[in-house]
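Colleague: Have a look at the structure that comes next, please.
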Amino acid sequence: WWAAAAGRYDRGAEPQVGAVMVFAGSRKMPMGHVAVVADIVSERTIRIDHANWKRNQISLGMTVHDVSEKGDWSAVRVEGDPGVLGRVYPIAGFIYPDVEEPEVIRVAARIPNSDR
């Protein structure tokens, strides 16, 4: 996703609601992973919606903490169960929705908030 977005979508290191957070490939996740930023909680905490973090499940409102030394969202921990932070995962960055085609934001807005 990260490489495919180059030159097609704006990319960066700051989370924004509706942006796609791209987990970089790692030993644990060789192909990486993607999630949609659902909410900004604080400067170093967001909530994401994604699928298959837990096999064959959709996870809504999962908390993610920036644990990078520079506060640049290059490394995060995902809270799988309330109060339980997982291992550190590298982040390539965020792919921002096309402002001329805001369908991504409209779809994300229709996801129920009951699990957050």
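Going through the structure tokens in order, the chains are called A, B, and so on, while each chain numbers its residues from 1 and the ligands are numbered from 1 in the order shown.
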Which residues of segment 14-34 of chain A sit at most 9 Å from segment 72-93 of chain A, using only C-alpha atoms? Give each one's shortest atom pair and distance in Å (one decimal place), in chain and ascending residue order, as a tab-separated table.

Modeller:
```
residue	atom	partner	partner_atom	distance
A:Glu14	CA	A:Trp73	CA	7.2
A:Pro15	CA	A:Trp73	CA	8.2
A:Val20	CA	A:Gly93	CA	8.4
A:Met21	CA	A:Gly93	CA	6.1
A:Val22	CA	A:Ala92	CA	5.6
A:Phe23	CA	A:Ile91	CA	4.4
A:Ala24	CA	A:Ala92	CA	5.0
A:Gly25	CA	A:Pro90	CA	7.7
A:Ser26	CA	A:Pro90	CA	7.4
A:Lys28	CA	A:Tyr89	CA	8.8
A:Met29	CA	A:Tyr89	CA	8.9
A:Gly32	CA	A:Ile91	CA	8.9
```

Colleague: Restricted to N, CA, C and O atoms, what would the selected residues look like written as a PDB file, in the first residue's frame?

Modeller:
```pdb
ATOM      1  N   GLU A  14       1.692  11.997  10.118  1.00  0.00           N
ATOM      2  CA  GLU A  14       0.705  12.433  11.111  1.00  0.00           C
ATOM      3  C   GLU A  14      -0.626  11.720  10.894  1.00  0.00           C
ATOM      4  O   GLU A  14      -1.148  11.716   9.775  1.00  0.00           O
ATOM      5  N   PRO A  15      -1.194  11.136  11.935  1.00  0.00           N
ATOM      6  CA  PRO A  15      -2.503  10.496  11.767  1.00  0.00           C
ATOM      7  C   PRO A  15      -3.606  11.524  11.539  1.00  0.00           C
ATOM      8  O   PRO A  15      -3.549  12.628  12.079  1.00  0.00           O
ATOM      9  N   VAL A  20      -5.337   5.988   6.008  1.00  0.00           N
ATOM     10  CA  VAL A  20      -4.943   4.586   6.127  1.00  0.00           C
ATOM     11  C   VAL A  20      -3.577   4.554   6.813  1.00  0.00           C
ATOM     12  O   VAL A  20      -2.614   5.150   6.319  1.00  0.00           O
ATOM     13  N   MET A  21      -3.506   3.890   7.966  1.00  0.00           N
ATOM     14  CA  MET A  21      -2.235   3.693   8.655  1.00  0.00           C
ATOM     15  C   MET A  21      -1.603   2.430   8.081  1.00  0.00           C
ATOM     16  O   MET A  21      -2.230   1.371   8.078  1.00  0.00           O
ATOM     17  N   VAL A  22      -0.374   2.560   7.586  1.00  0.00           N
ATOM     18  CA  VAL A  22       0.304   1.439   6.939  1.00  0.00           C
ATOM     19  C   VAL A  22       1.377   0.886   7.873  1.00  0.00           C
ATOM     20  O   VAL A  22       2.354   1.567   8.189  1.00  0.00           O
ATOM     21  N   PHE A  23       1.160  -0.351   8.323  1.00  0.00           N
ATOM     22  CA  PHE A  23       2.168  -1.053   9.112  1.00  0.00           C
ATOM     23  C   PHE A  23       3.222  -1.561   8.125  1.00  0.00           C
ATOM     24  O   PHE A  23       2.881  -2.214   7.136  1.00  0.00           O
ATOM     25  N   ALA A  24       4.475  -1.291   8.388  1.00  0.00           N
ATOM     26  CA  ALA A  24       5.551  -1.756   7.517  1.00  0.00           C
ATOM     27  C   ALA A  24       5.722  -3.262   7.668  1.00  0.00           C
ATOM     28  O   ALA A  24       5.382  -3.834   8.716  1.00  0.00           O
ATOM     29  N   GLY A  25       6.246  -3.891   6.642  1.00  0.00           N
ATOM     30  CA  GLY A  25       6.541  -5.312   6.741  1.00  0.00           C
ATOM     31  C   GLY A  25       7.571  -5.554   7.833  1.00  0.00           C
ATOM     32  O   GLY A  25       8.478  -4.752   8.038  1.00  0.00           O
ATOM     33  N   SER A  26       7.409  -6.650   8.555  1.00  0.00           N
ATOM     34  CA  SER A  26       8.337  -7.013   9.627  1.00  0.00           C
ATOM     35  C   SER A  26       8.432  -8.536   9.676  1.00  0.00           C
ATOM     36  O   SER A  26       7.740  -9.236   8.936  1.00  0.00           O
ATOM     37  N   LYS A  28       7.324 -10.457  11.969  1.00  0.00           N
ATOM     38  CA  LYS A  28       6.024 -10.950  12.431  1.00  0.00           C
ATOM     39  C   LYS A  28       4.948 -10.810  11.343  1.00  0.00           C
ATOM     40  O   LYS A  28       4.066 -11.651  11.219  1.00  0.00           O
ATOM     41  N   MET A  29       5.013  -9.711  10.573  1.00  0.00           N
ATOM     42  CA  MET A  29       4.039  -9.440   9.502  1.00  0.00           C
ATOM     43  C   MET A  29       4.798  -9.092   8.225  1.00  0.00           C
ATOM     44  O   MET A  29       4.944  -7.916   7.889  1.00  0.00           O
ATOM     45  N   GLY A  32       3.134  -6.673   5.949  1.00  0.00           N
ATOM     46  CA  GLY A  32       2.612  -5.471   6.565  1.00  0.00           C
ATOM     47  C   GLY A  32       1.135  -5.620   6.888  1.00  0.00           C
ATOM     48  O   GLY A  32       0.597  -6.732   6.937  1.00  0.00           O
TER      49      GLY A  32
END
```

Colleague: Could you state the separation of atom CA of Ser59 of chain A and atom CA of His33 of chain A in Å, given to one decimal place?

Modeller: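 For atom CA of Ser59 of chain A relative to atom CA of His33 of chain A, the distance reads 13.3 Å.
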
Colleague: If you run DSSP on this backbone, which residues of chain A come out as helix (DSSP H, G or I), and could you give them as a list in words?

Modeller: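 Taking chain A and keeping helix (DSSP H, G or I) gives Trp2, Ala3, Ala4, Ala5, Glu103, Val104, Ile105, Arg106, Val107, Ala108 and Ala109 of chain A.
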
Colleague: Can you spit out the residues from that selection as a PDB file, in the first residue's frame, using C-alpha atoms?

Modeller:
```
ATOM      1  CA  TRP A   2       2.714   2.473   0.942  1.00  0.00           C
ATOM      2  CA  ALA A   3       4.627   2.163  -2.342  1.00  0.00           C
ATOM      3  CA  ALA A   4       1.450   1.970  -4.441  1.00  0.00           C
ATOM      4  CA  ALA A   5       0.193   5.241  -2.943  1.00  0.00           C
ATOM      5  CA  GLU A 103     -15.807   8.324  -0.115  1.00  0.00           C
ATOM      6  CA  VAL A 104     -13.334   6.799   2.371  1.00  0.00           C
ATOM      7  CA  ILE A 105     -14.419   9.244   5.064  1.00  0.00           C
ATOM      8  CA  ARG A 106     -18.125   8.726   4.296  1.00  0.00           C
ATOM      9  CA  VAL A 107     -17.765   4.940   4.546  1.00  0.00           C
ATOM     10  CA  ALA A 108     -15.809   5.187   7.812  1.00  0.00           C
ATOM     11  CA  ALA A 109     -18.484   7.481   9.251  1.00  0.00           C
TER      12      ALA A 109
END
```

Colleague: In Å, rounded to a single decimal, give me how far atom CA of Ala19 of chain A is from atom CA of Val37 of chain A.

Modeller: 5.5 Å

Colleague: Mind checking which residues fall within 8 Å of Gly71 of chain A, counting only C-alpha atoms, ignoring those fewer than 4 positions away in the same chain, and posting them as a CSV table (one decimal) with N, CA, C and O atoms, in the first residue's frame?

Modeller:
```csv
chain,number,residue,atom,x,y,z
A,44,ARG,N,-0.4,11.2,20.9
A,44,ARG,CA,0.3,9.9,20.7
A,44,ARG,C,-0.7,8.7,20.8
A,44,ARG,O,-0.2,7.6,21.0
A,66,ASP,N,1.6,5.6,20.0
A,66,ASP,CA,2.9,5.9,19.4
A,66,ASP,C,3.9,5.7,20.4
A,66,ASP,O,3.9,6.4,21.5
A,67,VAL,N,4.9,4.8,20.2
A,67,VAL,CA,5.9,4.6,21.1
A,67,VAL,C,7.3,4.9,20.5
A,67,VAL,O,8.3,4.5,21.1
```

Colleague: Write out as a list in words all residues of segment 29-70 of chain A that DSSP puts in strand (DSSP E) for this structure's backbone.

Modeller: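 Filtering segment 29-70 of chain A to strand (DSSP E) leaves His33, Val34, Ala35, Val36, Val37, Ala38, Asp39, Ile40, Val41, Ser42, Thr45, Ile46, Arg47, Ile48, Asp49, His50, Ala51, Ile58, Ser59, Leu60, Gly61, Met62, Thr63, Val64, His65 and Asp66 of chain A.
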
Colleague: Save out the residues we just selected, N, CA and C atoms, as a short mmCIF file (atom, residue, chain, number, x, y, z; two decimals), in the first residue's frame.

Modeller:
```
data_model
loop_
_atom_site.label_atom_id
_atom_site.label_comp_id
_atom_site.auth_asym_id
_atom_site.auth_seq_id
_atom_site.Cartn_x
_atom_site.Cartn_y
_atom_site.Cartn_z
N HIS A 33 0.47 -4.49 7.10
CA HIS A 33 -0.94 -4.48 7.49
C HIS A 33 -1.45 -3.06 7.27
N VAL A 34 -2.74 -2.90 7.11
CA VAL A 34 -3.34 -1.57 6.99
C VAL A 34 -4.54 -1.45 7.92
N ALA A 35 -4.82 -0.22 8.33
CA ALA A 35 -5.97 0.07 9.19
C ALA A 35 -6.42 1.49 8.88
N VAL A 36 -7.67 1.79 9.17
CA VAL A 36 -8.21 3.14 8.97
C VAL A 36 -8.23 3.86 10.31
N VAL A 37 -7.72 5.08 10.34
CA VAL A 37 -7.75 5.89 11.56
C VAL A 37 -9.19 6.32 11.80
N ALA A 38 -9.76 5.87 12.92
CA ALA A 38 -11.16 6.16 13.25
C ALA A 38 -11.30 7.36 14.17
N ASP A 39 -10.27 7.62 14.99
CA ASP A 39 -10.39 8.69 15.99
C ASP A 39 -9.00 9.09 16.46
N ILE A 40 -8.82 10.37 16.73
CA ILE A 40 -7.59 10.88 17.34
C ILE A 40 -7.92 11.10 18.81
N VAL A 41 -7.25 10.38 19.70
CA VAL A 41 -7.52 10.49 21.14
C VAL A 41 -6.62 11.56 21.75
N SER A 42 -5.34 11.53 21.40
CA SER A 42 -4.38 12.52 21.90
C SER A 42 -3.22 12.57 20.91
N THR A 45 -1.96 8.95 20.78
CA THR A 45 -2.91 7.84 20.86
C THR A 45 -4.03 8.04 19.85
N ILE A 46 -4.32 6.98 19.10
CA ILE A 46 -5.42 7.00 18.13
C ILE A 46 -6.24 5.73 18.30
N ARG A 47 -7.38 5.67 17.62
CA ARG A 47 -8.16 4.44 17.52
C ARG A 47 -8.26 4.09 16.03
N ILE A 48 -8.18 2.79 15.76
CA ILE A 48 -8.23 2.34 14.38
C ILE A 48 -9.32 1.29 14.19
N ASP A 49 -9.78 1.17 12.95
CA ASP A 49 -10.69 0.10 12.53
C ASP A 49 -9.93 -0.71 11.49
N HIS A 50 -9.99 -2.04 11.62
CA HIS A 50 -9.30 -2.89 10.65
C HIS A 50 -9.81 -4.31 10.74
N ALA A 51 -9.36 -5.13 9.82
CA ALA A 51 -9.78 -6.53 9.76
C ALA A 51 -8.56 -7.44 9.84
N ILE A 58 -13.32 -8.44 12.39
CA ILE A 58 -13.22 -7.00 12.20
C ILE A 58 -13.07 -6.40 13.58
N SER A 59 -12.09 -5.53 13.75
CA SER A 59 -11.84 -4.88 15.04
C SER A 59 -12.10 -3.38 14.89
N LEU A 60 -13.01 -2.87 15.67
CA LEU A 60 -13.36 -1.45 15.62
C LEU A 60 -12.87 -0.75 16.88
N GLY A 61 -12.33 0.44 16.69
CA GLY A 61 -11.94 1.28 17.81
C GLY A 61 -10.79 0.73 18.63
N MET A 62 -9.86 -0.01 18.01
CA MET A 62 -8.69 -0.51 18.75
C MET A 62 -7.74 0.65 19.01
N THR A 63 -7.26 0.74 20.23
CA THR A 63 -6.35 1.81 20.62
C THR A 63 -4.93 1.50 20.16
N VAL A 64 -4.28 2.52 19.63
CA VAL A 64 -2.89 2.43 19.16
C VAL A 64 -2.11 3.56 19.82
N HIS A 65 -0.96 3.21 20.39
CA HIS A 65 -0.10 4.20 21.05
C HIS A 65 1.20 4.36 20.26
N ASP A 66 1.56 5.61 19.97
CA ASP A 66 2.85 5.90 19.36
C ASP A 66 3.93 5.72 20.42
#
```

Colleague: Measuring between only C-alpha atoms, which one of A:Tyr96, A:Arg8, A:Trp1, A:Asn52 shows the shortest distance to Met31 of chain A?

Modeller: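 Result for the nearest residue to Met31 of chain A: A:Trp1.
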
Colleague: Figure out the distance between atom CA of Tyr9 of chain A and atom CA of Pro97 of chain A, please, to one decimal in Å.

Modeller: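 Interatomic distance here is 7.1 Å.
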